[in-house]
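Some notes on the structure that comes next.
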Amino acid sequence: MVDLIIRSGLIEAIVDAGTPVDSQTQSIDAGGGLLVPPLVDSHSHLDKTLWGLPWRAHTGAPGVATMVANEHTNRRGLPPVATRAASLLDAYASHGVFHVRSHVDVDPEIGLDSIHGVMEAAERFAGIVDVQIVAFPQSGMLIAPPTLDLMSSAVASGVRVLGGLDPASWDRDPKAYLDSLFNLADRHQCAIDIHLHSRGELGAFEIEEVVTRTAALGMAGHVNISHGFCLSTVSDDRAARLAEALGAQRMTVTTVAAGGVPALPLKRLREAGVVVGLGQDGVRDLWSPFGNGDLLERAMMLAWQAGYRRDEDLQLALEAATVAGAHILGLDDFGVRIGGEANFVVLPVTTEAEAIVSHPPRTLLIRGGRTISP
Ligand SMILES: [Zn+2]
């Protein structure tokens, strides 16, 4: 067991438990729990959440097009994005999720309103939960002008990551779609995080097209694939070749451990050098009634879906929910180390594997050296 000495928001030293300190030093008892880095949700949709509102029966039907149409009908009349996003950020904070990448819709109907709403909520949680916004053309990009121009405007508002969605099956012109997206990212020096739901060979083709453009524009290390359902729905050999191609471009992948889809081949991707992060996707929204802001619970679902039982496998789920997500978000000062900012979570468990399986209420949350109420 150890004690952490924190001064001016930084971890000054890690010493044996019970090492005497001067009488001026405030002491916080972490109860001998397990200390882990903050949780990082690398795939969220803050603008869509209904968190904090009364329960609402799910009205969507299978298929991206029908789900988008259902959302367009039902999002009208909801409380402001800033209010709903802030409610979810509060839930994130209470679970020790201190970093969130949120895709935020940009389309001809709402323009940049949702992005501005999420920015307003993020401002309220500054220093507690950091939000990284992805401009997300969910209603189509080339088929929904002036969405591409709106994405440029989002960059002018401070957005540094550009999103996308199923270029073959949604806009139905994958090459033109990806050319436009990558050119926009290249012009503004932005990263890309694209949703790819297509399974099997169509999804594999989309990934290859993304990899080609990543290499051509020298964007290695700046492109993330969200979902990548094809990686678990093509043959093992095909998946291995795709993983190698992703790894060669230092591309990353985020999963949300989606129900109804075979588990992402996490180990194969890791072996190919592909960092895999974890998110909750939409939390209680018009797409799904699931989620609650507790990424540790979703990490348990990831492990469950993958069939993990051994401690070393369960640890992979915690890695996805912490350091892998931090890598994808490009966080420089992350992890518990001397000289680093004092950001961590304490859990009433003895091992990381136990943390995943039991995902208990947090004992202690420290952000910037300060205690946050669990
Ligand atoms: Zn998503």
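Residues are named by chain letter and number: chains run A, B, ... in the order of the structure tokens, numbers start at 1 in each chain, and ligands are numbered from 1 in the order shown.
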
- Item | Close residues to ligand 1 using only C-alpha atoms and all ligand atoms, limit 12 Å, as a ChimeraX atom specification | /A:41-49,64,68,101-105,134-138,163-166,193-197,225-228,254-258,278-283,285,287-288

Report as a tab-separated table the residues of segment 244-280 of chain A within 8 Å of segment 325-342 of chain A, each with its shortest atom pair and distance in Å (one decimal), using only C-alpha atoms, ordered by chain and increasing residue number.
```
residue	atom	partner	partner_atom	distance
A:Thr252	CA	A:Ile328	CA	6.7
A:Val275	CA	A:Ile328	CA	7.6
A:Val276	CA	A:Gly325	CA	7.5
A:Gly277	CA	A:Gly325	CA	4.6
A:Leu278	CA	A:Gly325	CA	6.6
```

Could you go through segment 33-168 of chain A and tell me which residues DSSP, when run on the backbone, assigns to helix (DSSP H, G or I), listing them as an mmCIF file with all heavy atoms, in the first residue's frame?
```cif
data_model
loop_
_atom_site.group_PDB
_atom_site.id
_atom_site.type_symbol
_atom_site.label_atom_id
_atom_site.label_comp_id
_atom_site.auth_asym_id
_atom_site.auth_seq_id
_atom_site.Cartn_x
_atom_site.Cartn_y
_atom_site.Cartn_z
ATOM 1 N N LEU A 46 -23.213 13.441 -26.645
ATOM 2 C CA LEU A 46 -23.801 14.268 -25.574
ATOM 3 C C LEU A 46 -25.045 15.016 -26.038
ATOM 4 O O LEU A 46 -25.955 15.276 -25.237
ATOM 5 C CB LEU A 46 -22.766 15.279 -25.076
ATOM 6 C CG LEU A 46 -21.612 14.731 -24.227
ATOM 7 C CD1 LEU A 46 -20.542 15.802 -24.057
ATOM 8 C CD2 LEU A 46 -22.108 14.254 -22.871
ATOM 9 N N ASP A 47 -25.090 15.395 -27.316
ATOM 10 C CA ASP A 47 -26.218 16.214 -27.785
ATOM 11 C C ASP A 47 -27.517 15.438 -27.853
ATOM 12 O O ASP A 47 -28.596 16.023 -27.881
ATOM 13 C CB ASP A 47 -25.920 16.800 -29.170
ATOM 14 C CG ASP A 47 -25.574 15.734 -30.215
ATOM 15 O OD1 ASP A 47 -24.896 14.756 -29.860
ATOM 16 O OD2 ASP A 47 -25.978 15.899 -31.382
ATOM 17 N N LYS A 48 -27.425 14.110 -27.877
ATOM 18 C CA LYS A 48 -28.628 13.302 -28.073
ATOM 19 C C LYS A 48 -29.286 12.846 -26.772
ATOM 20 O O LYS A 48 -30.423 12.374 -26.782
ATOM 21 C CB LYS A 48 -28.274 12.062 -28.901
ATOM 22 C CG LYS A 48 -27.714 12.358 -30.279
ATOM 23 C CD LYS A 48 -27.392 11.048 -30.996
ATOM 24 C CE LYS A 48 -26.710 11.287 -32.329
ATOM 25 N NZ LYS A 48 -27.527 12.041 -33.275
ATOM 26 N N VAL A 64 -30.084 2.342 -40.012
ATOM 27 C CA VAL A 64 -29.594 3.699 -39.756
ATOM 28 C C VAL A 64 -30.583 4.745 -40.273
ATOM 29 O O VAL A 64 -30.899 5.725 -39.584
ATOM 30 C CB VAL A 64 -28.197 3.894 -40.398
ATOM 31 C CG1 VAL A 64 -27.764 5.352 -40.314
ATOM 32 C CG2 VAL A 64 -27.170 3.003 -39.700
ATOM 33 N N ALA A 65 -31.123 4.545 -41.484
ATOM 34 C CA ALA A 65 -32.021 5.552 -42.074
ATOM 35 C C ALA A 65 -33.286 5.732 -41.231
ATOM 36 O O ALA A 65 -33.725 6.866 -40.986
ATOM 37 C CB ALA A 65 -32.388 5.152 -43.499
ATOM 38 N N THR A 66 -33.871 4.634 -40.786
ATOM 39 C CA THR A 66 -35.094 4.747 -39.983
ATOM 40 C C THR A 66 -34.794 5.359 -38.615
ATOM 41 O O THR A 66 -35.605 6.123 -38.077
ATOM 42 C CB THR A 66 -35.763 3.369 -39.787
ATOM 43 O OG1 THR A 66 -34.777 2.436 -39.377
ATOM 44 C CG2 THR A 66 -36.434 2.890 -41.054
ATOM 45 N N MET A 67 -33.613 5.042 -38.073
ATOM 46 C CA MET A 67 -33.259 5.621 -36.770
ATOM 47 C C MET A 67 -33.024 7.133 -36.875
ATOM 48 O O MET A 67 -33.434 7.897 -35.995
ATOM 49 C CB MET A 67 -31.996 4.937 -36.221
ATOM 50 C CG MET A 67 -32.196 3.491 -35.824
ATOM 51 S SD MET A 67 -33.332 3.272 -34.442
ATOM 52 C CE MET A 67 -32.269 3.636 -33.075
ATOM 53 N N VAL A 68 -32.376 7.539 -37.958
ATOM 54 C CA VAL A 68 -32.152 8.977 -38.151
ATOM 55 C C VAL A 68 -33.486 9.694 -38.324
ATOM 56 O O VAL A 68 -33.729 10.752 -37.730
ATOM 57 C CB VAL A 68 -31.231 9.233 -39.372
ATOM 58 C CG1 VAL A 68 -31.203 10.723 -39.731
ATOM 59 C CG2 VAL A 68 -29.811 8.730 -39.085
ATOM 60 N N ALA A 69 -34.395 9.101 -39.112
ATOM 61 C CA ALA A 69 -35.705 9.722 -39.327
ATOM 62 C C ALA A 69 -36.477 9.815 -38.014
ATOM 63 O O ALA A 69 -37.113 10.840 -37.715
ATOM 64 C CB ALA A 69 -36.500 8.912 -40.352
ATOM 65 N N ASN A 70 -36.411 8.753 -37.225
ATOM 66 C CA ASN A 70 -37.091 8.757 -35.924
ATOM 67 C C ASN A 70 -36.543 9.855 -35.027
ATOM 68 O O ASN A 70 -37.296 10.553 -34.329
ATOM 69 C CB ASN A 70 -36.913 7.383 -35.259
ATOM 70 C CG ASN A 70 -37.490 7.341 -33.853
ATOM 71 O OD1 ASN A 70 -38.689 7.461 -33.658
ATOM 72 N ND2 ASN A 70 -36.619 7.191 -32.859
ATOM 73 N N GLU A 71 -35.221 10.031 -35.080
ATOM 74 C CA GLU A 71 -34.609 11.063 -34.244
ATOM 75 C C GLU A 71 -35.039 12.460 -34.699
ATOM 76 O O GLU A 71 -35.363 13.312 -33.868
ATOM 77 C CB GLU A 71 -33.092 10.940 -34.275
ATOM 78 C CG GLU A 71 -32.419 11.946 -33.357
ATOM 79 C CD GLU A 71 -30.914 11.768 -33.294
ATOM 80 O OE1 GLU A 71 -30.319 11.403 -34.322
ATOM 81 O OE2 GLU A 71 -30.344 12.012 -32.223
ATOM 82 N N HIS A 72 -35.058 12.684 -36.002
ATOM 83 C CA HIS A 72 -35.438 14.008 -36.509
ATOM 84 C C HIS A 72 -36.852 14.369 -36.059
ATOM 85 O O HIS A 72 -37.135 15.515 -35.693
ATOM 86 C CB HIS A 72 -35.346 14.040 -38.035
ATOM 87 C CG HIS A 72 -33.949 14.240 -38.529
ATOM 88 N ND1 HIS A 72 -33.642 14.985 -39.643
ATOM 89 C CD2 HIS A 72 -32.761 13.808 -38.038
ATOM 90 C CE1 HIS A 72 -32.324 14.994 -39.829
ATOM 91 N NE2 HIS A 72 -31.775 14.278 -38.864
ATOM 92 N N THR A 73 -37.753 13.378 -36.053
ATOM 93 C CA THR A 73 -39.136 13.635 -35.640
ATOM 94 C C THR A 73 -39.221 13.940 -34.150
ATOM 95 O O THR A 73 -39.921 14.876 -33.741
ATOM 96 C CB THR A 73 -40.008 12.394 -35.945
ATOM 97 O OG1 THR A 73 -39.927 12.125 -37.332
ATOM 98 C CG2 THR A 73 -41.456 12.634 -35.540
ATOM 99 N N ASN A 74 -38.485 13.151 -33.366
ATOM 100 C CA ASN A 74 -38.670 13.224 -31.914
ATOM 101 C C ASN A 74 -37.735 14.188 -31.195
ATOM 102 O O ASN A 74 -37.951 14.486 -30.012
ATOM 103 C CB ASN A 74 -38.525 11.822 -31.309
ATOM 104 C CG ASN A 74 -39.713 10.949 -31.637
ATOM 105 O OD1 ASN A 74 -40.815 11.142 -31.096
ATOM 106 N ND2 ASN A 74 -39.525 10.009 -32.551
ATOM 107 N N ARG A 75 -36.690 14.680 -31.878
ATOM 108 C CA ARG A 75 -35.779 15.595 -31.177
ATOM 109 C C ARG A 75 -36.404 16.984 -31.027
ATOM 110 O O ARG A 75 -35.985 17.753 -30.163
ATOM 111 C CB ARG A 75 -34.430 15.675 -31.891
ATOM 112 C CG ARG A 75 -34.416 16.434 -33.202
ATOM 113 C CD ARG A 75 -33.051 16.361 -33.880
ATOM 114 N NE ARG A 75 -33.051 17.055 -35.166
ATOM 115 C CZ ARG A 75 -32.022 17.076 -36.010
ATOM 116 N NH1 ARG A 75 -30.900 16.424 -35.701
ATOM 117 N NH2 ARG A 75 -32.100 17.716 -37.158
ATOM 118 N N VAL A 81 -30.051 21.367 -25.770
ATOM 119 C CA VAL A 81 -28.892 20.463 -25.755
ATOM 120 C C VAL A 81 -28.014 20.740 -24.540
ATOM 121 O O VAL A 81 -27.555 19.815 -23.860
ATOM 122 C CB VAL A 81 -28.083 20.620 -27.064
ATOM 123 C CG1 VAL A 81 -26.716 19.957 -26.941
ATOM 124 C CG2 VAL A 81 -28.858 20.035 -28.241
ATOM 125 N N ALA A 82 -27.765 22.022 -24.245
ATOM 126 C CA ALA A 82 -26.857 22.367 -23.137
ATOM 127 C C ALA A 82 -27.359 21.778 -21.821
ATOM 128 O O ALA A 82 -26.579 21.267 -21.006
ATOM 129 C CB ALA A 82 -26.716 23.883 -23.018
ATOM 130 N N THR A 83 -28.663 21.806 -21.611
ATOM 131 C CA THR A 83 -29.242 21.292 -20.360
ATOM 132 C C THR A 83 -29.074 19.778 -20.276
ATOM 133 O O THR A 83 -28.649 19.234 -19.245
ATOM 134 C CB THR A 83 -30.754 21.630 -20.302
ATOM 135 O OG1 THR A 83 -30.907 23.030 -20.488
ATOM 136 C CG2 THR A 83 -31.364 21.204 -18.977
ATOM 137 N N ARG A 84 -29.413 19.091 -21.364
ATOM 138 C CA ARG A 84 -29.340 17.626 -21.348
ATOM 139 C C ARG A 84 -27.887 17.148 -21.296
ATOM 140 O O ARG A 84 -27.554 16.210 -20.559
ATOM 141 C CB ARG A 84 -30.054 17.072 -22.584
ATOM 142 C CG ARG A 84 -31.566 17.296 -22.527
ATOM 143 C CD ARG A 84 -32.294 16.732 -23.742
ATOM 144 N NE ARG A 84 -32.143 17.540 -24.932
ATOM 145 C CZ ARG A 84 -31.447 17.193 -26.023
ATOM 146 N NH1 ARG A 84 -30.826 16.027 -26.060
ATOM 147 N NH2 ARG A 84 -31.357 17.988 -27.069
ATOM 148 N N ALA A 85 -27.026 17.798 -22.057
ATOM 149 C CA ALA A 85 -25.602 17.410 -22.055
ATOM 150 C C ALA A 85 -24.987 17.632 -20.673
ATOM 151 O O ALA A 85 -24.209 16.801 -20.192
ATOM 152 C CB ALA A 85 -24.839 18.199 -23.115
ATOM 153 N N ALA A 86 -25.354 18.728 -20.023
ATOM 154 C CA ALA A 86 -24.813 19.002 -18.680
ATOM 155 C C ALA A 86 -25.278 17.940 -17.689
ATOM 156 O O ALA A 86 -24.521 17.526 -16.802
ATOM 157 C CB ALA A 86 -25.248 20.393 -18.220
ATOM 158 N N SER A 87 -26.513 17.497 -17.841
ATOM 159 C CA SER A 87 -27.026 16.454 -16.951
ATOM 160 C C SER A 87 -26.193 15.177 -17.092
ATOM 161 O O SER A 87 -25.833 14.530 -16.094
ATOM 162 C CB SER A 87 -28.499 16.187 -17.309
ATOM 163 O OG SER A 87 -29.015 15.175 -16.502
ATOM 164 N N LEU A 88 -25.852 14.835 -18.321
ATOM 165 C CA LEU A 88 -25.036 13.626 -18.535
ATOM 166 C C LEU A 88 -23.594 13.845 -18.074
ATOM 167 O O LEU A 88 -22.982 12.931 -17.504
ATOM 168 C CB LEU A 88 -25.085 13.222 -20.009
ATOM 169 C CG LEU A 88 -24.308 11.950 -20.387
ATOM 170 C CD1 LEU A 88 -24.703 10.764 -19.511
ATOM 171 C CD2 LEU A 88 -24.531 11.615 -21.852
ATOM 172 N N LEU A 89 -23.057 15.033 -18.287
ATOM 173 C CA LEU A 89 -21.694 15.302 -17.817
ATOM 174 C C LEU A 89 -21.608 15.169 -16.296
ATOM 175 O O LEU A 89 -20.598 14.713 -15.756
ATOM 176 C CB LEU A 89 -21.237 16.695 -18.266
ATOM 177 C CG LEU A 89 -20.906 16.818 -19.760
ATOM 178 C CD1 LEU A 89 -20.621 18.273 -20.132
ATOM 179 C CD2 LEU A 89 -19.707 15.929 -20.125
ATOM 180 N N ASP A 90 -22.680 15.549 -15.616
ATOM 181 C CA ASP A 90 -22.725 15.387 -14.161
ATOM 182 C C ASP A 90 -22.633 13.892 -13.801
ATOM 183 O O ASP A 90 -21.927 13.501 -12.864
ATOM 184 C CB ASP A 90 -24.021 16.003 -13.630
ATOM 185 C CG ASP A 90 -23.969 16.215 -12.134
ATOM 186 O OD1 ASP A 90 -22.925 16.653 -11.630
ATOM 187 O OD2 ASP A 90 -24.978 15.918 -11.465
ATOM 188 N N ALA A 91 -23.360 13.071 -14.569
ATOM 189 C CA ALA A 91 -23.300 11.621 -14.322
ATOM 190 C C ALA A 91 -21.901 11.080 -14.623
ATOM 191 O O ALA A 91 -21.361 10.256 -13.868
ATOM 192 C CB ALA A 91 -24.345 10.909 -15.179
ATOM 193 N N TYR A 92 -21.308 11.562 -15.723
ATOM 194 C CA TYR A 92 -19.941 11.134 -16.049
ATOM 195 C C TYR A 92 -18.992 11.463 -14.894
ATOM 196 O O TYR A 92 -18.196 10.627 -14.459
ATOM 197 C CB TYR A 92 -19.451 11.857 -17.308
ATOM 198 C CG TYR A 92 -19.790 11.176 -18.622
ATOM 199 C CD1 TYR A 92 -20.460 11.841 -19.634
ATOM 200 C CD2 TYR A 92 -19.385 9.862 -18.862
ATOM 201 C CE1 TYR A 92 -20.743 11.226 -20.857
ATOM 202 C CE2 TYR A 92 -19.661 9.242 -20.065
ATOM 203 C CZ TYR A 92 -20.333 9.926 -21.055
ATOM 204 O OH TYR A 92 -20.601 9.316 -22.256
ATOM 205 N N ALA A 93 -19.083 12.699 -14.407
ATOM 206 C CA ALA A 93 -18.170 13.133 -13.334
ATOM 207 C C ALA A 93 -18.315 12.241 -12.109
ATOM 208 O O ALA A 93 -17.324 11.863 -11.475
ATOM 209 C CB ALA A 93 -18.470 14.596 -12.970
ATOM 210 N N SER A 94 -19.547 11.870 -11.781
ATOM 211 C CA SER A 94 -19.790 11.087 -10.563
ATOM 212 C C SER A 94 -19.216 9.674 -10.667
ATOM 213 O O SER A 94 -19.067 8.986 -9.662
ATOM 214 C CB SER A 94 -21.286 11.012 -10.274
ATOM 215 O OG SER A 94 -21.942 10.170 -11.210
ATOM 216 N N ASP A 113 -26.168 24.443 -33.947
ATOM 217 C CA ASP A 113 -26.808 24.670 -32.644
ATOM 218 C C ASP A 113 -26.399 23.625 -31.612
ATOM 219 O O ASP A 113 -26.138 23.949 -30.439
ATOM 220 C CB ASP A 113 -28.339 24.668 -32.785
ATOM 221 C CG ASP A 113 -28.861 25.909 -33.492
ATOM 222 O OD1 ASP A 113 -28.035 26.799 -33.810
ATOM 223 O OD2 ASP A 113 -30.076 25.979 -33.744
ATOM 224 N N SER A 114 -26.369 22.351 -32.027
ATOM 225 C CA SER A 114 -26.033 21.302 -31.053
ATOM 226 C C SER A 114 -24.576 21.411 -30.614
ATOM 227 O O SER A 114 -24.245 21.183 -29.442
ATOM 228 C CB SER A 114 -26.316 19.922 -31.646
ATOM 229 O OG SER A 114 -27.699 19.759 -31.849
ATOM 230 N N ILE A 115 -23.694 21.762 -31.551
ATOM 231 C CA ILE A 115 -22.281 21.946 -31.177
ATOM 232 C C ILE A 115 -22.157 23.081 -30.157
ATOM 233 O O ILE A 115 -21.463 22.942 -29.141
ATOM 234 C CB ILE A 115 -21.424 22.221 -32.433
ATOM 235 C CG1 ILE A 115 -21.220 20.898 -33.184
ATOM 236 C CG2 ILE A 115 -20.089 22.862 -32.059
ATOM 237 C CD1 ILE A 115 -20.247 20.937 -34.325
ATOM 238 N N HIS A 116 -22.841 24.165 -30.408
ATOM 239 C CA HIS A 116 -22.775 25.279 -29.451
ATOM 240 C C HIS A 116 -23.388 24.881 -28.111
ATOM 241 O O HIS A 116 -22.912 25.298 -27.053
ATOM 242 C CB HIS A 116 -23.472 26.515 -30.040
ATOM 243 C CG HIS A 116 -22.740 27.069 -31.225
ATOM 244 N ND1 HIS A 116 -23.363 27.719 -32.256
ATOM 245 C CD2 HIS A 116 -21.412 27.058 -31.547
ATOM 246 C CE1 HIS A 116 -22.459 28.082 -33.164
ATOM 247 N NE2 HIS A 116 -21.273 27.694 -32.759
ATOM 248 N N GLY A 117 -24.443 24.054 -28.140
ATOM 249 C CA GLY A 117 -25.062 23.582 -26.894
ATOM 250 C C GLY A 117 -24.118 22.715 -26.087
ATOM 251 O O GLY A 117 -23.999 22.865 -24.859
ATOM 252 N N VAL A 118 -23.411 21.804 -26.769
ATOM 253 C CA VAL A 118 -22.456 20.943 -26.060
ATOM 254 C C VAL A 118 -21.282 21.776 -25.545
ATOM 255 O O VAL A 118 -20.781 21.558 -24.434
ATOM 256 C CB VAL A 118 -21.976 19.791 -26.968
ATOM 257 C CG1 VAL A 118 -20.813 19.031 -26.322
ATOM 258 C CG2 VAL A 118 -23.124 18.830 -27.266
ATOM 259 N N MET A 119 -20.857 22.774 -26.337
ATOM 260 C CA MET A 119 -19.773 23.650 -25.861
ATOM 261 C C MET A 119 -20.183 24.387 -24.590
ATOM 262 O O MET A 119 -19.379 24.544 -23.659
ATOM 263 C CB MET A 119 -19.400 24.664 -26.950
ATOM 264 C CG MET A 119 -18.589 24.066 -28.090
ATOM 265 S SD MET A 119 -18.236 25.298 -29.373
ATOM 266 C CE MET A 119 -17.000 24.408 -30.348
ATOM 267 N N GLU A 120 -21.454 24.824 -24.547
ATOM 268 C CA GLU A 120 -21.944 25.533 -23.351
ATOM 269 C C GLU A 120 -21.926 24.610 -22.128
ATOM 270 O O GLU A 120 -21.490 25.003 -21.037
ATOM 271 C CB GLU A 120 -23.375 26.028 -23.620
ATOM 272 C CG GLU A 120 -23.954 26.869 -22.507
ATOM 273 C CD GLU A 120 -25.403 27.265 -22.777
ATOM 274 O OE1 GLU A 120 -25.790 27.417 -23.965
ATOM 275 O OE2 GLU A 120 -26.161 27.395 -21.799
ATOM 276 N N ALA A 121 -22.380 23.373 -22.324
ATOM 277 C CA ALA A 121 -22.369 22.412 -21.209
ATOM 278 C C ALA A 121 -20.939 22.117 -20.777
ATOM 279 O O ALA A 121 -20.630 22.039 -19.579
ATOM 280 C CB ALA A 121 -23.081 21.127 -21.626
ATOM 281 N N ALA A 122 -20.048 21.935 -21.768
ATOM 282 C CA ALA A 122 -18.645 21.626 -21.457
ATOM 283 C C ALA A 122 -18.002 22.752 -20.658
ATOM 284 O O ALA A 122 -17.181 22.515 -19.768
ATOM 285 C CB ALA A 122 -17.876 21.369 -22.749
ATOM 286 N N GLU A 123 -18.383 23.986 -20.988
ATOM 287 C CA GLU A 123 -17.851 25.144 -20.263
ATOM 288 C C GLU A 123 -18.187 25.050 -18.783
ATOM 289 O O GLU A 123 -17.367 25.355 -17.909
ATOM 290 C CB GLU A 123 -18.456 26.415 -20.874
ATOM 291 C CG GLU A 123 -17.843 27.704 -20.413
ATOM 292 C CD GLU A 123 -16.460 27.944 -20.999
ATOM 293 O OE1 GLU A 123 -16.118 27.381 -22.062
ATOM 294 O OE2 GLU A 123 -15.709 28.679 -20.358
ATOM 295 N N ARG A 124 -19.416 24.604 -18.488
ATOM 296 C CA ARG A 124 -19.847 24.485 -17.090
ATOM 297 C C ARG A 124 -19.037 23.428 -16.346
ATOM 298 O O ARG A 124 -18.921 23.474 -15.131
ATOM 299 C CB ARG A 124 -21.333 24.088 -17.039
ATOM 300 C CG ARG A 124 -22.283 25.241 -17.310
ATOM 301 C CD ARG A 124 -23.715 24.783 -17.068
ATOM 302 N NE ARG A 124 -24.571 25.128 -18.189
ATOM 303 C CZ ARG A 124 -25.765 24.605 -18.403
ATOM 304 N NH1 ARG A 124 -26.241 23.701 -17.578
ATOM 305 N NH2 ARG A 124 -26.487 24.980 -19.441
ATOM 306 N N THR A 147 -24.002 20.707 -45.445
ATOM 307 C CA THR A 147 -23.351 20.103 -44.273
ATOM 308 C C THR A 147 -21.829 20.236 -44.312
ATOM 309 O O THR A 147 -21.199 20.502 -43.273
ATOM 310 C CB THR A 147 -23.767 18.622 -44.151
ATOM 311 O OG1 THR A 147 -25.187 18.573 -43.969
ATOM 312 C CG2 THR A 147 -23.088 17.960 -42.975
ATOM 313 N N LEU A 148 -21.227 20.044 -45.488
ATOM 314 C CA LEU A 148 -19.765 20.150 -45.565
ATOM 315 C C LEU A 148 -19.306 21.557 -45.157
ATOM 316 O O LEU A 148 -18.310 21.715 -44.445
ATOM 317 C CB LEU A 148 -19.302 19.832 -46.993
ATOM 318 C CG LEU A 148 -17.853 19.379 -47.176
ATOM 319 C CD1 LEU A 148 -17.499 18.180 -46.313
ATOM 320 C CD2 LEU A 148 -17.581 19.078 -48.644
ATOM 321 N N ASP A 149 -20.066 22.561 -45.591
ATOM 322 C CA ASP A 149 -19.726 23.943 -45.196
ATOM 323 C C ASP A 149 -19.922 24.136 -43.690
ATOM 324 O O ASP A 149 -19.151 24.842 -43.036
ATOM 325 C CB ASP A 149 -20.603 24.945 -45.954
ATOM 326 C CG ASP A 149 -20.338 24.908 -47.456
ATOM 327 O OD1 ASP A 149 -19.207 24.566 -47.833
ATOM 328 O OD2 ASP A 149 -21.261 25.211 -48.223
ATOM 329 N N LEU A 150 -20.977 23.508 -43.159
ATOM 330 C CA LEU A 150 -21.218 23.609 -41.715
ATOM 331 C C LEU A 150 -20.061 22.988 -40.932
ATOM 332 O O LEU A 150 -19.668 23.484 -39.865
ATOM 333 C CB LEU A 150 -22.533 22.910 -41.341
ATOM 334 C CG LEU A 150 -23.817 23.611 -41.782
ATOM 335 C CD1 LEU A 150 -25.025 22.681 -41.631
ATOM 336 C CD2 LEU A 150 -24.024 24.889 -40.953
ATOM 337 N N MET A 151 -19.507 21.908 -41.474
ATOM 338 C CA MET A 151 -18.363 21.280 -40.800
ATOM 339 C C MET A 151 -17.157 22.222 -40.803
ATOM 340 O O MET A 151 -16.417 22.293 -39.822
ATOM 341 C CB MET A 151 -18.035 19.937 -41.454
ATOM 342 C CG MET A 151 -19.143 18.890 -41.209
ATOM 343 S SD MET A 151 -18.977 17.421 -42.229
ATOM 344 C CE MET A 151 -17.609 16.582 -41.406
ATOM 345 N N SER A 152 -16.979 22.944 -41.894
ATOM 346 C CA SER A 152 -15.910 23.958 -41.921
ATOM 347 C C SER A 152 -16.161 25.023 -40.866
ATOM 348 O O SER A 152 -15.236 25.469 -40.173
ATOM 349 C CB SER A 152 -15.865 24.639 -43.289
ATOM 350 O OG SER A 152 -15.131 23.881 -44.199
ATOM 351 N N SER A 153 -17.426 25.428 -40.739
ATOM 352 C CA SER A 153 -17.780 26.439 -39.730
ATOM 353 C C SER A 153 -17.540 25.899 -38.325
ATOM 354 O O SER A 153 -17.149 26.643 -37.421
ATOM 355 C CB SER A 153 -19.245 26.851 -39.883
ATOM 356 O OG SER A 153 -19.481 27.392 -41.160
ATOM 357 N N ALA A 154 -17.800 24.593 -38.141
ATOM 358 C CA ALA A 154 -17.552 23.984 -36.819
ATOM 359 C C ALA A 154 -16.070 24.095 -36.469
ATOM 360 O O ALA A 154 -15.707 24.376 -35.321
ATOM 361 C CB ALA A 154 -17.999 22.527 -36.828
ATOM 362 N N VAL A 155 -15.218 23.886 -37.465
ATOM 363 C CA VAL A 155 -13.773 24.014 -37.233
ATOM 364 C C VAL A 155 -13.449 25.452 -36.814
ATOM 365 O O VAL A 155 -12.661 25.688 -35.892
ATOM 366 C CB VAL A 155 -12.987 23.616 -38.501
ATOM 367 C CG1 VAL A 155 -11.500 23.911 -38.321
ATOM 368 C CG2 VAL A 155 -13.209 22.139 -38.809
ATOM 369 N N ALA A 156 -14.098 26.412 -37.478
ATOM 370 C CA ALA A 156 -13.863 27.821 -37.128
ATOM 371 C C ALA A 156 -14.321 28.104 -35.697
ATOM 372 O O ALA A 156 -13.819 29.028 -35.047
ATOM 373 C CB ALA A 156 -14.604 28.729 -38.109
#
```

- With a distance cut-off of 8 Å and only C-alpha atoms, select the neighbouring residues of Glu201 of chain A, excluding the residue or stretch itself and same-chain residues fewer than 4 positions from it, and output the selection as a list in words. Phe205, Cys230 and Val234 of chain A

I need the chosen residues saved as a CSV table (one decimal), in the first residue's frame, with C-alpha atoms.
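The resulting part.csv:
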```csv
chain,number,residue,atom,x,y,z
A,205,PHE,CA,-13.8,-2.0,-48.4
A,230,CYS,CA,-16.8,-5.5,-40.3
A,234,VAL,CA,-15.2,-11.0,-42.0
```

- Task: Assign secondary structure with DSSP using the backbone only, and return the residues of segment 7-218 of chain A in strand (DSSP E or B) as an MDAnalysis selection string.
- Result: chainID A and resid 7 10:16 34:36 39:44 97:105 107 111 130:136 161:165 191:196

- Query: How far is it from atom CA of Ile356 of chain A to atom CA of Gly96 of chain A, in Å with one decimal?
  - Reply: 13.9 Å

- Message: Rounded to one decimal, what separation in Å do you get between atom CA of Ser358 of chain A and atom CA of Ala263 of chain A?
- Response: 20.6 Å

- Message: Could you tell me how far atom CA of Ile14 of chain A sits from atom CA of Ala320 of chain A, in Å to one decimal place?
- Response: 25.2 Å

- Residue neighbourhood Leu364 of chain A, 8 Å, only C-alpha atoms, exclusion window fewer than 2 positions, as a PyMOL selection string: chain A and resi 30+345-347+362+366+371-374

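Among A:Leu286, A:Arg367, A:Arg213, A:Gly307, the residue with the shortest atom-to-atom distance to Ala57 of chain A, counting only C-alpha atoms, is A:Leu286.
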
If you take only C-alpha atoms and a cut-off of 7 Å, which residues of segment 287-331 of chain A touch segment 34-39 of chain A, and what are their nearest atom pairs and distances in Å to one decimal, in chain and number order, as a tab-separated table?
```
residue	atom	partner	partner_atom	distance
A:Leu295	CA	A:Leu39	CA	6.8
A:Ala321	CA	A:Leu39	CA	5.7
A:Thr322	CA	A:Leu39	CA	4.8
```
